[in-house]
Amino acid sequence: MSHSAKTFQIGLVGLGVMGRNLAQNMEEKGFPVAVWNRDPNKIKKFLAENKGKKFGGDAELSNFIALLERPRRVLLMVKAGDPVDQMIERLLPLLESGDIIMDGGNSWFEDTQRREKLLRSKGLHFVGVGISGGEEGARHGPSMMPGGSTEAYAEVQSIFEAITAQTEAGACVTHVGPDGAGHFVKMVHNGIEYADMQLLAEVYDLMRRGLGLAEPGMAEIFAQWNQGPMESFLVELTAQVLKVVDNESGHPLVSKIMDRAGQKGTGRWTVQAALEQGVAVPGIAAAVDARVLSSMKTERIAAEKALTGPEVREISDPQALLADLHGAIYASRITAYAQGMDLIRSASERYQWSVDLSETARIWKGGCIIRARLLDPIRQAYSGEIPLANLMMDVELGAQLQALQGAWRRVATFAVTNGIPIPVMSACLNYFDSYRTGRLPQNLIQAHRDAFGAHTYERVDHPEWGFVHTEW
């Protein structure tokens, strides 16, 4: 099965869908690839299907490593968690100083930090690579978010730049920062993705229940929206999905799908990391909660009978509501990105990663699931000399939020009045309103805390007193 030794520029471990597609992508771009899988039959099958191409492989792990040029570059495409540690353990005795192990899975960033430290102590490099774009992206150009040492990135940069999605702003890859930075940024990407998908679901619900629209009509609206500032992969996908007809019933296929959303954990991790960092991400948290609530199908069916809400009223001006929906989803989307970017900024400061937020927006422009036209003004917003405290404080995007807030509030009012849940849209609006409020009511909470637990408080009129306590 093997070719002559040391002729392959990169080794790929794990021939699942993503691994296979990435291997083919790399070979097509001129990089000979050696492959390995724990099931030797998968290696045989892959090599047989790709005869005549620059692939090699061997069932014996040491022979597989012997096929690679120095420094050896090994990309793991295995399940996150223990399988990554087990694979590292097996590879360690076979590698030498300066070799590089890369993890292309959705790993928890603290695991990546731990692994990077361990490998560094043995003279090896470890790169945590966030990869977005699904199987299609892996095959034809994903967005990649590698984190690790600058030396390690220099060794893989040419491969990554060749295989990632290309936009007018360049290849959708950059050296994100040291150790866990790449996996952290990928995790936040997925958190924003959760919020964006839930926003689209909320608008779909408002069109369906609030406006009584059928799926083909909605598909047209989303397709129209995709021509303007809202243009994005997920809006385009929504239009596409709503058009598909079920062969069996002749109804729109989406109407036949069970309303229980699954999750693999990256959205939840984003919320956990935000709690840990003390950063507010209410839109992302609401999207995770919405999926949890959706999984409670049996309870919801029982509750629908027991707990009645308002009757949905017929709307006098559907076109006006549609225009408002466009504005409300766009405003919510800006604030969802603001929350994600704020979390990356905070973690970057905490772990001294020096993540460039303008570059982050640039590499998300192609290949990844949240690619959107909105990333152009976001990239612009973060490219200024003075660091932006929050995306909402950008002159252009801030002005858009102010211009759109009327539509946003009208949609929220319509949804609440008619009992249609909009968890992410309302959380994003509350985030905007809280952020722009100079004096929030938490002074009462500080009074409570001091009254029942002597937690002390500060005075507005006497900051020089520091923290004081009162016998209430």
# chains A, B, ... in the order shown; residues from 1 in each chain; ligands from 1
>>> residues_around(residues="stretch 397-403 of chain A", least_positions_apart="3", cutoff="10 Å", atoms="only C-alpha atoms", output="ChimeraX atom specification")
/A:327-328,330-332,334-335,374,377-378,381,390-394,406-408,429,432
>>> residues_around(residues="A:Met26", least_positions_apart="2", cutoff="10 Å", atoms="only C-alpha atoms", output="PyMOL selection string")
chain A and resi 9-10+21-24+28-33+54+138-141+159-160+162-164
>>> residues_around(residues="A:Ala34", least_positions_apart="3", cutoff="10 Å", atoms="only C-alpha atoms", output="list of chain:residue names")
A:Ser2, A:His3, A:Lys6, A:Thr7, A:Phe8, A:Gln9, A:Ile10, A:Gly11, A:Leu12, A:Val13, A:Ala23, A:Glu27, A:Phe31, A:Ile43, A:Leu47, A:Lys54, A:Phe55, A:Gly56, A:Gly57, A:Asp58, A:Phe64, A:Ile65, A:Ala66, A:Leu67, A:Leu68, A:Val74
>>> select_by_dssp(residues="stretch 51-153 of chain A", states="helix (DSSP H, G or I)", output="JSON, numbers by chain")
{"A": [61, 62, 63, 64, 65, 66, 82, 83, 84, 85, 86, 87, 88, 89, 90, 91, 92, 93, 94, 109, 110, 111, 112, 113, 114, 115, 116, 117, 118, 119, 120, 121, 134, 135, 136, 137, 138, 139, 140, 150, 151, 152, 153]}
>>> closest_residue(among="A:Ile422, A:Asp82, A:Phe46, A:Ile88", to="A:Leu61", atoms="only C-alpha atoms")
A:Ile88
>>> closest_atom_pairs(of="stretch 298-355 of chain A", to="stretch 264-281 of chain A", cutoff="10 Å", atoms="only C-alpha atoms", output="CSV")
residue,atom,partner,partner_atom,distance
A:Thr335,CA,A:Val281,CA,9.4
A:Ala336,CA,A:Val281,CA,7.7
A:Tyr337,CA,A:Val281,CA,9.7
A:Ala338,CA,A:Val281,CA,8.8
A:Gln339,CA,A:Val281,CA,5.1
A:Gly340,CA,A:Val281,CA,7.0
A:Met341,CA,A:Val281,CA,9.9
A:Asp342,CA,A:Val279,CA,7.3
A:Leu343,CA,A:Val279,CA,6.1
A:Ile344,CA,A:Ala274,CA,9.3
A:Arg345,CA,A:Val279,CA,9.9
A:Ser346,CA,A:Gln277,CA,7.0
A:Ala347,CA,A:Gln277,CA,7.0
A:Arg350,CA,A:Gln277,CA,8.4
>>> write_last_selection(atoms="C-alpha atoms", output="PDB file, in the first residue's frame")
ATOM      1  CA  THR A 335     -25.773  42.276  17.832  1.00  0.00           C
ATOM      2  CA  ALA A 336     -25.225  38.486  17.696  1.00  0.00           C
ATOM      3  CA  TYR A 337     -21.882  39.106  15.960  1.00  0.00           C
ATOM      4  CA  ALA A 338     -21.158  41.855  18.513  1.00  0.00           C
ATOM      5  CA  GLN A 339     -21.609  39.324  21.335  1.00  0.00           C
ATOM      6  CA  GLY A 340     -19.367  36.733  19.671  1.00  0.00           C
ATOM      7  CA  MET A 341     -16.641  39.258  18.827  1.00  0.00           C
ATOM      8  CA  ASP A 342     -16.726  40.632  22.377  1.00  0.00           C
ATOM      9  CA  LEU A 343     -16.171  37.111  23.720  1.00  0.00           C
ATOM     10  CA  ILE A 344     -13.187  36.563  21.393  1.00  0.00           C
ATOM     11  CA  ARG A 345     -11.751  39.950  22.409  1.00  0.00           C
ATOM     12  CA  SER A 346     -12.095  39.127  26.106  1.00  0.00           C
ATOM     13  CA  ALA A 347     -10.492  35.662  25.779  1.00  0.00           C
ATOM     14  CA  ARG A 350      -7.081  36.931  29.080  1.00  0.00           C
TER      15      ARG A 350
END
>>> closest_atom_pairs(of="stretch 240-269 of chain A", to="stretch 285-307 of chain A", cutoff="9 Å", atoms="only C-alpha atoms", output="JSON lines")
{"residue": "A:Asp259", "atom": "CA", "partner": "A:Ser294", "partner_atom": "CA", "distance": 6.4}
{"residue": "A:Arg260", "atom": "CA", "partner": "A:Ser295", "partner_atom": "CA", "distance": 4.7}
{"residue": "A:Ala261", "atom": "CA", "partner": "A:Arg291", "partner_atom": "CA", "distance": 5.3}
{"residue": "A:Gly262", "atom": "CA", "partner": "A:Arg291", "partner_atom": "CA", "distance": 6.9}
{"residue": "A:Gln263", "atom": "CA", "partner": "A:Arg291", "partner_atom": "CA", "distance": 7.5}
{"residue": "A:Gly267", "atom": "CA", "partner": "A:Val288", "partner_atom": "CA", "distance": 6.3}
{"residue": "A:Arg268", "atom": "CA", "partner": "A:Val288", "partner_atom": "CA", "distance": 6.3}
>>> write_last_selection(atoms="all heavy atoms", output="compact mmCIF listing (two decimals), in the first residue's frame")
# COMPACT_ATOMS: atom_id res chain seq x y z
N ASP A 259 -39.87 18.98 14.98
CA ASP A 259 -39.33 20.24 15.51
C ASP A 259 -38.51 20.04 16.79
O ASP A 259 -38.72 20.71 17.79
CB ASP A 259 -40.49 21.23 15.77
CG ASP A 259 -41.56 20.64 16.69
OD1 ASP A 259 -41.79 19.42 16.64
OD2 ASP A 259 -42.16 21.41 17.46
N ARG A 260 -37.60 19.10 16.72
CA ARG A 260 -36.67 18.87 17.84
C ARG A 260 -35.27 19.09 17.30
O ARG A 260 -34.80 18.30 16.49
CB ARG A 260 -36.78 17.41 18.31
CG ARG A 260 -37.76 17.18 19.43
CD ARG A 260 -37.47 15.89 20.15
NE ARG A 260 -37.64 14.72 19.31
CZ ARG A 260 -38.56 13.77 19.50
NH1 ARG A 260 -39.39 13.85 20.52
NH2 ARG A 260 -38.64 12.73 18.70
N ALA A 261 -34.59 20.15 17.74
CA ALA A 261 -33.26 20.45 17.19
C ALA A 261 -32.18 19.76 18.02
O ALA A 261 -32.19 19.82 19.24
CB ALA A 261 -33.03 21.95 17.18
N GLY A 262 -31.26 19.11 17.33
CA GLY A 262 -30.13 18.49 18.00
C GLY A 262 -29.02 19.51 18.21
O GLY A 262 -29.06 20.62 17.68
N GLN A 263 -28.04 19.13 19.01
CA GLN A 263 -26.85 19.98 19.14
C GLN A 263 -25.66 19.14 19.54
O GLN A 263 -25.77 18.18 20.29
CB GLN A 263 -27.07 21.12 20.13
CG GLN A 263 -27.62 20.74 21.48
CD GLN A 263 -27.80 21.96 22.37
OE1 GLN A 263 -26.97 22.85 22.38
NE2 GLN A 263 -28.89 22.02 23.11
N GLY A 267 -22.29 25.27 20.69
CA GLY A 267 -23.07 26.44 21.12
C GLY A 267 -23.07 26.54 22.64
O GLY A 267 -22.87 27.61 23.22
N ARG A 268 -23.28 25.40 23.27
CA ARG A 268 -23.27 25.35 24.75
C ARG A 268 -21.89 25.75 25.30
O ARG A 268 -21.79 26.49 26.27
CB ARG A 268 -23.65 23.94 25.21
CG ARG A 268 -23.91 23.84 26.71
CD ARG A 268 -24.37 22.45 27.11
NE ARG A 268 -23.31 21.47 26.97
CZ ARG A 268 -23.35 20.40 26.17
NH1 ARG A 268 -24.42 20.20 25.41
NH2 ARG A 268 -22.35 19.55 26.10
>>> closest_residue(among="A:Arg38, A:Lys256, A:Arg362, A:His462", to="A:Leu76", atoms="only C-alpha atoms")
A:Arg38
>>> closest_residue(among="A:Met102, A:Val188, A:Val312, A:Ile369", to="A:Leu119", atoms="only C-alpha atoms")
A:Met102
>>> atom_distance(atom1="atom CA of A:Lys42", atom2="atom CA of A:Leu95")
23.6 Å
>>> atom_distance(atom1="atom CA of A:Gly104", atom2="atom CA of A:Val84")
9.9 Å
>>> residues_around(residues="A:Ile420", least_positions_apart="4", cutoff="12 Å", atoms="only C-alpha atoms", output="PyMOL selection string")
chain A and resi 201-211+309-313+411-416+425-426
>>> closest_residue(among="A:Asn25, A:Leu200, A:Lys243, A:Gln380", to="A:Ala165", atoms="only C-alpha atoms")
A:Asn25
>>> residues_around(residues="A:Glu96", least_positions_apart="5", cutoff="9 Å", atoms="only C-alpha atoms", output="number ranges by chain")
A: 71-72, 122-124
>>> write_last_selection(atoms="C-alpha atoms", output="mmCIF file, in the first residue's frame")
data_model
loop_
_atom_site.group_PDB
_atom_site.id
_atom_site.type_symbol
_atom_site.label_atom_id
_atom_site.label_comp_id
_atom_site.auth_asym_id
_atom_site.auth_seq_id
_atom_site.Cartn_x
_atom_site.Cartn_y
_atom_site.Cartn_z
ATOM 1 C CA PRO A 71 9.200 18.156 9.498
ATOM 2 C CA ARG A 72 6.321 15.716 9.544
ATOM 3 C CA LYS A 122 8.662 17.229 24.042
ATOM 4 C CA GLY A 123 9.973 19.531 21.305
ATOM 5 C CA LEU A 124 6.940 19.022 19.071
#
>>> atom_distance(atom1="atom CA of A:Gly128", atom2="atom CA of A:Ala181")
7.9 Å
>>> residues_around(residues="A:Gly283", least_positions_apart="4", cutoff="6 Å", atoms="only C-alpha atoms", output="PyMOL selection string")
chain A and resi 336+424+427-428
